[in-house]
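Engineer: Quick one: this structure, given as structure tokens, is what I'll be asking you about.
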Amino acid sequence: MSWTGECVEGIPHGYGQLIFRSGAIYVGDVEHGLMHGKGEITLPGGWNYRGEFFKNSIQGFGKITFPDESEYEGDVVAGYRHGIGHFQKGSISYTGTWNAGKRDGKGTARWSPVSYYDGEWKDDKCHGHGVRQWSNLDTYKGYWSNGVREGDGHMIWHEEGQEYRGQWRRGVQEGTGTGIWRGSKKTEYRRRFLAESKLLYKI
């Protein structure tokens, strides 16, 4: 490792540049030989972080640029996206809470201007209550478990003019619910739906 900058009693202390044997380059504040304060580090593969450091750990608020040019700006703990932050990769984005690099808590993910999920997350999956709208404007508002619809929910199939409001299990209608089909006239069915119902629709 090489250091170019201020020293106190022969130890890097102040503002300067560190070059590591791995090829990583750090430019910023150093306190008693440790990256501490504000700085920027770039790894050989193109990964870059600019923001706050705490005793050699990437921690605080900052911006990460990944090798695929996606970006994250927000809270960071031990190098992970952790806290509140915004991620962007092309038209795909997520704004909300994170836990150890995964979407966790409340947040909004967008795949396009009309395709989104707004609600609760756990371990990078829809989990809890949320609203999902697809690119064809089909919408679901209700409960999720590990990325699939589970519990009470309301689904609207926009193009078909159909709806289902009731219970879901493993992503399909199962349990007590109300289905509405619109043809020449409105028809409504109240019944117990099974997994083989013709209203099956996967996320």
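By convention here, the chains of the structure tokens are called A, B, ... in the order presented, each chain's residues are numbered starting at 1, and ligands are numbered starting at 1 in the order presented.
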So which residues of chain A fall under strand (DSSP E or B) by DSSP, listed as a ChimeraX atom specification?

Structural biologist: /A:2-8,11-19,25-31,34-42,48-54,57-65,71-77,80-89,92-99,102-110,116-122,125-133,139-145,148-157,162-169,172-182,186-193

Engineer: Just checking: using only C-alpha atoms, which residue out of A:Gly130, A:Met35, A:Gly171, A:Ser2 ends up closest to A:Gly14?

Structural biologist: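 Answer, going by the shortest atom-to-atom distance: A:Met35.
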
Engineer: Please, what distance in Å, to one decimal, runs between atom CA of A:Gly23 and atom CA of A:Gly10?

Structural biologist: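 Separation between atom CA of A:Gly23 and atom CA of A:Gly10: 23.0 Å.
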
Engineer: What's the 10 Å shell around A:Pro113, counting only C-alpha atoms, without same-chain residues fewer than 5 positions away, as a list in words?

Structural biologist: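 Answer for this query is Ser91, Ile92 and Ser135 of chain A.
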
Engineer: Take the selection from the previous step and output its residues with N, CA and C atoms, as an mmCIF file, in the first residue's frame.

Structural biologist:
data_model
loop_
_atom_site.group_PDB
_atom_site.id
_atom_site.type_symbol
_atom_site.label_atom_id
_atom_site.label_comp_id
_atom_site.auth_asym_id
_atom_site.auth_seq_id
_atom_site.Cartn_x
_atom_site.Cartn_y
_atom_site.Cartn_z
ATOM 1 N N SER A 91 -34.364 1.920 -16.840
ATOM 2 C CA SER A 91 -35.728 2.302 -16.466
ATOM 3 C C SER A 91 -36.182 1.645 -15.170
ATOM 4 N N ILE A 92 -35.357 0.730 -14.619
ATOM 5 C CA ILE A 92 -35.703 0.023 -13.394
ATOM 6 C C ILE A 92 -35.201 0.805 -12.187
ATOM 7 N N SER A 135 -47.593 -3.602 -16.962
ATOM 8 C CA SER A 135 -47.510 -2.729 -18.132
ATOM 9 C C SER A 135 -48.809 -2.696 -18.930
#

Engineer: Of the residues A:Gly79, A:Pro12, A:Gly175, A:Gly128, which is the one nearest to A:Leu34, using only C-alpha atoms?

Structural biologist: A:Pro12

Engineer: Write out as a ChimeraX atom specification which residues come within 10 Å of A:Asn99 when counting only C-alpha atoms, dropping same-chain ones fewer than 2 positions away.

Structural biologist: /A:76-77,80-84,97,101-105,122-124

Engineer: Compile the contact shell of A:Trp111 as an mmCIF file with all heavy atoms, in the first residue's frame: residues with an atom at most 10 Å away, counting only C-alpha atoms, same-chain residues fewer than 5 positions apart removed.

Structural biologist:
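Once everything was written out, this is around.cif:
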data_model
loop_
_atom_site.group_PDB
_atom_site.id
_atom_site.type_symbol
_atom_site.label_atom_id
_atom_site.label_comp_id
_atom_site.auth_asym_id
_atom_site.auth_seq_id
_atom_site.Cartn_x
_atom_site.Cartn_y
_atom_site.Cartn_z
ATOM 1 N N LYS A 89 -31.305 1.462 -12.440
ATOM 2 C CA LYS A 89 -30.610 0.753 -13.520
ATOM 3 C C LYS A 89 -31.463 0.881 -14.767
ATOM 4 O O LYS A 89 -32.450 0.176 -14.935
ATOM 5 C CB LYS A 89 -30.394 -0.720 -13.179
ATOM 6 C CG LYS A 89 -29.621 -1.472 -14.263
ATOM 7 C CD LYS A 89 -29.417 -2.929 -13.913
ATOM 8 C CE LYS A 89 -28.648 -3.646 -15.015
ATOM 9 N NZ LYS A 89 -28.445 -5.086 -14.708
ATOM 10 N N GLY A 90 -31.111 1.812 -15.618
ATOM 11 C CA GLY A 90 -31.940 2.087 -16.786
ATOM 12 C C GLY A 90 -33.306 2.580 -16.348
ATOM 13 O O GLY A 90 -33.427 3.516 -15.570
ATOM 14 N N SER A 91 -34.364 1.920 -16.840
ATOM 15 C CA SER A 91 -35.728 2.302 -16.466
ATOM 16 C C SER A 91 -36.182 1.645 -15.170
ATOM 17 O O SER A 91 -37.249 1.951 -14.651
ATOM 18 C CB SER A 91 -36.705 1.921 -17.582
ATOM 19 O OG SER A 91 -36.708 0.509 -17.792
ATOM 20 N N ILE A 92 -35.357 0.730 -14.619
ATOM 21 C CA ILE A 92 -35.703 0.023 -13.394
ATOM 22 C C ILE A 92 -35.201 0.805 -12.187
ATOM 23 O O ILE A 92 -34.049 1.239 -12.162
ATOM 24 C CB ILE A 92 -35.104 -1.386 -13.391
ATOM 25 C CG1 ILE A 92 -35.635 -2.199 -14.581
ATOM 26 C CG2 ILE A 92 -35.408 -2.117 -12.093
ATOM 27 C CD1 ILE A 92 -34.957 -3.545 -14.762
ATOM 28 N N SER A 93 -36.067 0.986 -11.190
ATOM 29 C CA SER A 93 -35.656 1.731 -10.005
ATOM 30 C C SER A 93 -36.346 1.189 -8.763
ATOM 31 O O SER A 93 -37.356 0.497 -8.840
ATOM 32 C CB SER A 93 -35.990 3.223 -10.169
ATOM 33 O OG SER A 93 -37.398 3.424 -10.147
ATOM 34 N N TYR A 94 -35.753 1.518 -7.620
ATOM 35 C CA TYR A 94 -36.371 1.231 -6.328
ATOM 36 C C TYR A 94 -35.999 2.339 -5.361
ATOM 37 O O TYR A 94 -34.831 2.702 -5.235
ATOM 38 C CB TYR A 94 -35.899 -0.114 -5.765
ATOM 39 C CG TYR A 94 -36.373 -0.350 -4.340
ATOM 40 C CD1 TYR A 94 -37.672 -0.770 -4.081
ATOM 41 C CD2 TYR A 94 -35.535 -0.117 -3.255
ATOM 42 C CE1 TYR A 94 -38.119 -0.969 -2.778
ATOM 43 C CE2 TYR A 94 -35.963 -0.313 -1.951
ATOM 44 C CZ TYR A 94 -37.260 -0.744 -1.724
ATOM 45 O OH TYR A 94 -37.705 -0.926 -0.430
ATOM 46 N N TYR A 116 -45.255 -1.006 -11.827
ATOM 47 C CA TYR A 116 -44.639 -0.721 -10.531
ATOM 48 C C TYR A 116 -45.210 -1.604 -9.434
ATOM 49 O O TYR A 116 -46.248 -2.248 -9.589
ATOM 50 C CB TYR A 116 -44.860 0.749 -10.150
ATOM 51 C CG TYR A 116 -46.297 1.089 -9.839
ATOM 52 C CD1 TYR A 116 -46.803 0.965 -8.538
ATOM 53 C CD2 TYR A 116 -47.172 1.529 -10.830
ATOM 54 C CE1 TYR A 116 -48.127 1.266 -8.235
ATOM 55 C CE2 TYR A 116 -48.493 1.830 -10.546
ATOM 56 C CZ TYR A 116 -48.964 1.698 -9.245
ATOM 57 O OH TYR A 116 -50.275 1.990 -8.955
ATOM 58 N N TYR A 117 -44.505 -1.640 -8.307
ATOM 59 C CA TYR A 117 -45.011 -2.211 -7.059
ATOM 60 C C TYR A 117 -44.713 -1.222 -5.949
ATOM 61 O O TYR A 117 -43.576 -0.775 -5.787
ATOM 62 C CB TYR A 117 -44.353 -3.561 -6.734
ATOM 63 C CG TYR A 117 -44.719 -4.058 -5.341
ATOM 64 C CD1 TYR A 117 -45.941 -4.681 -5.111
ATOM 65 C CD2 TYR A 117 -43.863 -3.872 -4.266
ATOM 66 C CE1 TYR A 117 -46.290 -5.121 -3.842
ATOM 67 C CE2 TYR A 117 -44.203 -4.307 -2.987
ATOM 68 C CZ TYR A 117 -45.428 -4.934 -2.787
ATOM 69 O OH TYR A 117 -45.773 -5.354 -1.524
ATOM 70 N N TRP A 134 -49.167 -3.777 -13.665
ATOM 71 C CA TRP A 134 -48.360 -4.291 -14.764
ATOM 72 C C TRP A 134 -48.420 -3.341 -15.955
ATOM 73 O O TRP A 134 -49.207 -2.388 -15.976
ATOM 74 C CB TRP A 134 -48.848 -5.677 -15.161
ATOM 75 C CG TRP A 134 -48.504 -6.752 -14.185
ATOM 76 C CD1 TRP A 134 -47.434 -7.603 -14.221
ATOM 77 C CD2 TRP A 134 -49.237 -7.115 -12.996
ATOM 78 N NE1 TRP A 134 -47.455 -8.462 -13.146
ATOM 79 C CE2 TRP A 134 -48.551 -8.194 -12.374
ATOM 80 C CE3 TRP A 134 -50.406 -6.639 -12.390
ATOM 81 C CZ2 TRP A 134 -48.986 -8.785 -11.201
ATOM 82 C CZ3 TRP A 134 -50.846 -7.225 -11.210
ATOM 83 C CH2 TRP A 134 -50.146 -8.289 -10.621
ATOM 84 N N SER A 135 -47.593 -3.602 -16.962
ATOM 85 C CA SER A 135 -47.510 -2.729 -18.132
ATOM 86 C C SER A 135 -48.809 -2.696 -18.930
ATOM 87 O O SER A 135 -49.075 -1.735 -19.642
ATOM 88 C CB SER A 135 -46.346 -3.156 -19.038
ATOM 89 O OG SER A 135 -46.491 -4.508 -19.419
#

Engineer: Neighbouring residues of stretch 155-163 of chain A were defined as those with any atom within 8 Å, considering only C-alpha atoms; residues of the same chain fewer than 2 positions away were excluded. Please report them as a ChimeraX atom specification.

Structural biologist: /A:136-141,153,165,179-182

Engineer: Can you write just those residues out, all heavy atoms, as a short mmCIF file (atom, residue, chain, number, x, y, z; two decimals), in the first residue's frame?

Structural biologist:
data_model
loop_
_atom_site.label_atom_id
_atom_site.label_comp_id
_atom_site.auth_asym_id
_atom_site.auth_seq_id
_atom_site.Cartn_x
_atom_site.Cartn_y
_atom_site.Cartn_z
N ASN A 136 -49.65 -3.76 -18.81
CA ASN A 136 -50.94 -3.77 -19.50
C ASN A 136 -52.05 -3.15 -18.65
O ASN A 136 -53.23 -3.26 -18.98
CB ASN A 136 -51.32 -5.18 -19.92
CG ASN A 136 -51.47 -6.12 -18.73
OD1 ASN A 136 -51.31 -5.71 -17.57
ND2 ASN A 136 -51.78 -7.38 -18.99
N LEU A 137 -51.67 -2.52 -17.52
CA LEU A 137 -52.56 -1.83 -16.59
C LEU A 137 -53.40 -2.76 -15.71
O LEU A 137 -54.27 -2.29 -14.97
CB LEU A 137 -53.48 -0.84 -17.32
CG LEU A 137 -52.77 0.26 -18.13
CD1 LEU A 137 -53.78 1.22 -18.73
CD2 LEU A 137 -51.78 1.03 -17.25
N ASP A 138 -53.16 -4.08 -15.77
CA ASP A 138 -53.75 -4.97 -14.77
C ASP A 138 -53.22 -4.55 -13.40
O ASP A 138 -52.04 -4.18 -13.27
CB ASP A 138 -53.37 -6.43 -15.03
CG ASP A 138 -54.05 -7.00 -16.27
OD1 ASP A 138 -54.92 -6.33 -16.84
OD2 ASP A 138 -53.68 -8.12 -16.65
N THR A 139 -54.07 -4.60 -12.37
CA THR A 139 -53.65 -4.17 -11.05
C THR A 139 -54.09 -5.15 -9.97
O THR A 139 -55.12 -5.82 -10.09
CB THR A 139 -54.23 -2.78 -10.69
OG1 THR A 139 -55.66 -2.84 -10.74
CG2 THR A 139 -53.74 -1.72 -11.65
N TYR A 140 -53.28 -5.23 -8.93
CA TYR A 140 -53.61 -6.02 -7.75
C TYR A 140 -53.30 -5.20 -6.52
O TYR A 140 -52.22 -4.63 -6.40
CB TYR A 140 -52.80 -7.33 -7.73
CG TYR A 140 -52.95 -8.10 -6.42
CD1 TYR A 140 -54.05 -8.92 -6.21
CD2 TYR A 140 -52.00 -7.99 -5.41
CE1 TYR A 140 -54.20 -9.63 -5.01
CE2 TYR A 140 -52.14 -8.68 -4.22
CZ TYR A 140 -53.24 -9.50 -4.03
OH TYR A 140 -53.38 -10.18 -2.84
N LYS A 141 -54.25 -5.16 -5.60
CA LYS A 141 -54.06 -4.47 -4.33
C LYS A 141 -54.42 -5.43 -3.21
O LYS A 141 -55.55 -5.91 -3.13
CB LYS A 141 -54.94 -3.22 -4.25
CG LYS A 141 -54.74 -2.44 -2.95
CD LYS A 141 -55.60 -1.18 -2.94
CE LYS A 141 -55.37 -0.37 -1.67
NZ LYS A 141 -56.19 0.88 -1.66
N GLY A 153 -57.09 -9.95 -1.32
CA GLY A 153 -56.62 -9.04 -2.36
C GLY A 153 -57.66 -8.79 -3.43
O GLY A 153 -58.62 -9.56 -3.57
N ARG A 165 -62.19 -10.20 -6.12
CA ARG A 165 -61.91 -9.66 -4.80
C ARG A 165 -62.14 -10.78 -3.77
O ARG A 165 -63.26 -11.30 -3.64
CB ARG A 165 -62.83 -8.49 -4.49
CG ARG A 165 -62.49 -7.77 -3.18
CD ARG A 165 -63.59 -6.78 -2.80
NE ARG A 165 -63.78 -5.78 -3.83
CZ ARG A 165 -63.15 -4.61 -3.87
NH1 ARG A 165 -62.28 -4.31 -2.90
NH2 ARG A 165 -63.38 -3.75 -4.83
N GLY A 179 -66.12 -12.86 -7.99
CA GLY A 179 -65.60 -12.64 -9.33
C GLY A 179 -66.60 -11.88 -10.16
O GLY A 179 -67.81 -12.10 -10.06
N ILE A 180 -66.11 -10.97 -10.99
CA ILE A 180 -66.97 -10.18 -11.86
C ILE A 180 -66.48 -10.32 -13.30
O ILE A 180 -65.32 -10.07 -13.60
CB ILE A 180 -66.96 -8.69 -11.46
CG1 ILE A 180 -67.51 -8.52 -10.03
CG2 ILE A 180 -67.78 -7.86 -12.45
CD1 ILE A 180 -67.44 -7.10 -9.52
N TRP A 181 -67.39 -10.75 -14.17
CA TRP A 181 -67.09 -10.87 -15.59
C TRP A 181 -67.95 -9.88 -16.34
O TRP A 181 -69.16 -9.80 -16.11
CB TRP A 181 -67.37 -12.28 -16.10
CG TRP A 181 -66.44 -13.30 -15.57
CD1 TRP A 181 -65.35 -13.83 -16.19
CD2 TRP A 181 -66.50 -13.96 -14.29
NE1 TRP A 181 -64.72 -14.75 -15.39
CE2 TRP A 181 -65.41 -14.86 -14.22
CE3 TRP A 181 -67.36 -13.87 -13.19
CZ2 TRP A 181 -65.16 -15.65 -13.11
CZ3 TRP A 181 -67.13 -14.65 -12.08
CH2 TRP A 181 -66.04 -15.54 -12.04
N ARG A 182 -67.40 -9.13 -17.25
CA ARG A 182 -68.18 -8.15 -18.01
C ARG A 182 -68.22 -8.55 -19.48
O ARG A 182 -67.23 -8.52 -20.16
CB ARG A 182 -67.57 -6.76 -17.85
CG ARG A 182 -67.68 -6.20 -16.43
CD ARG A 182 -67.20 -4.76 -16.39
NE ARG A 182 -67.32 -4.20 -15.05
CZ ARG A 182 -66.38 -4.26 -14.12
NH1 ARG A 182 -65.24 -4.87 -14.37
NH2 ARG A 182 -66.57 -3.71 -12.94
#

Engineer: When you look at A:Arg170 with a cut-off of 7 Å (counting only C-alpha atoms), what residues show up, excluding the ones that are within fewer than 4 positions of it in the same chain? I need them as a ChimeraX atom specification.

Structural biologist: /A:148-150

Engineer: In Å, how far is it from atom CA of A:Ala100 to atom CA of A:Asn56?

Structural biologist: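 Atom CA of A:Asn56 lies 17.9 Å from atom CA of A:Ala100.
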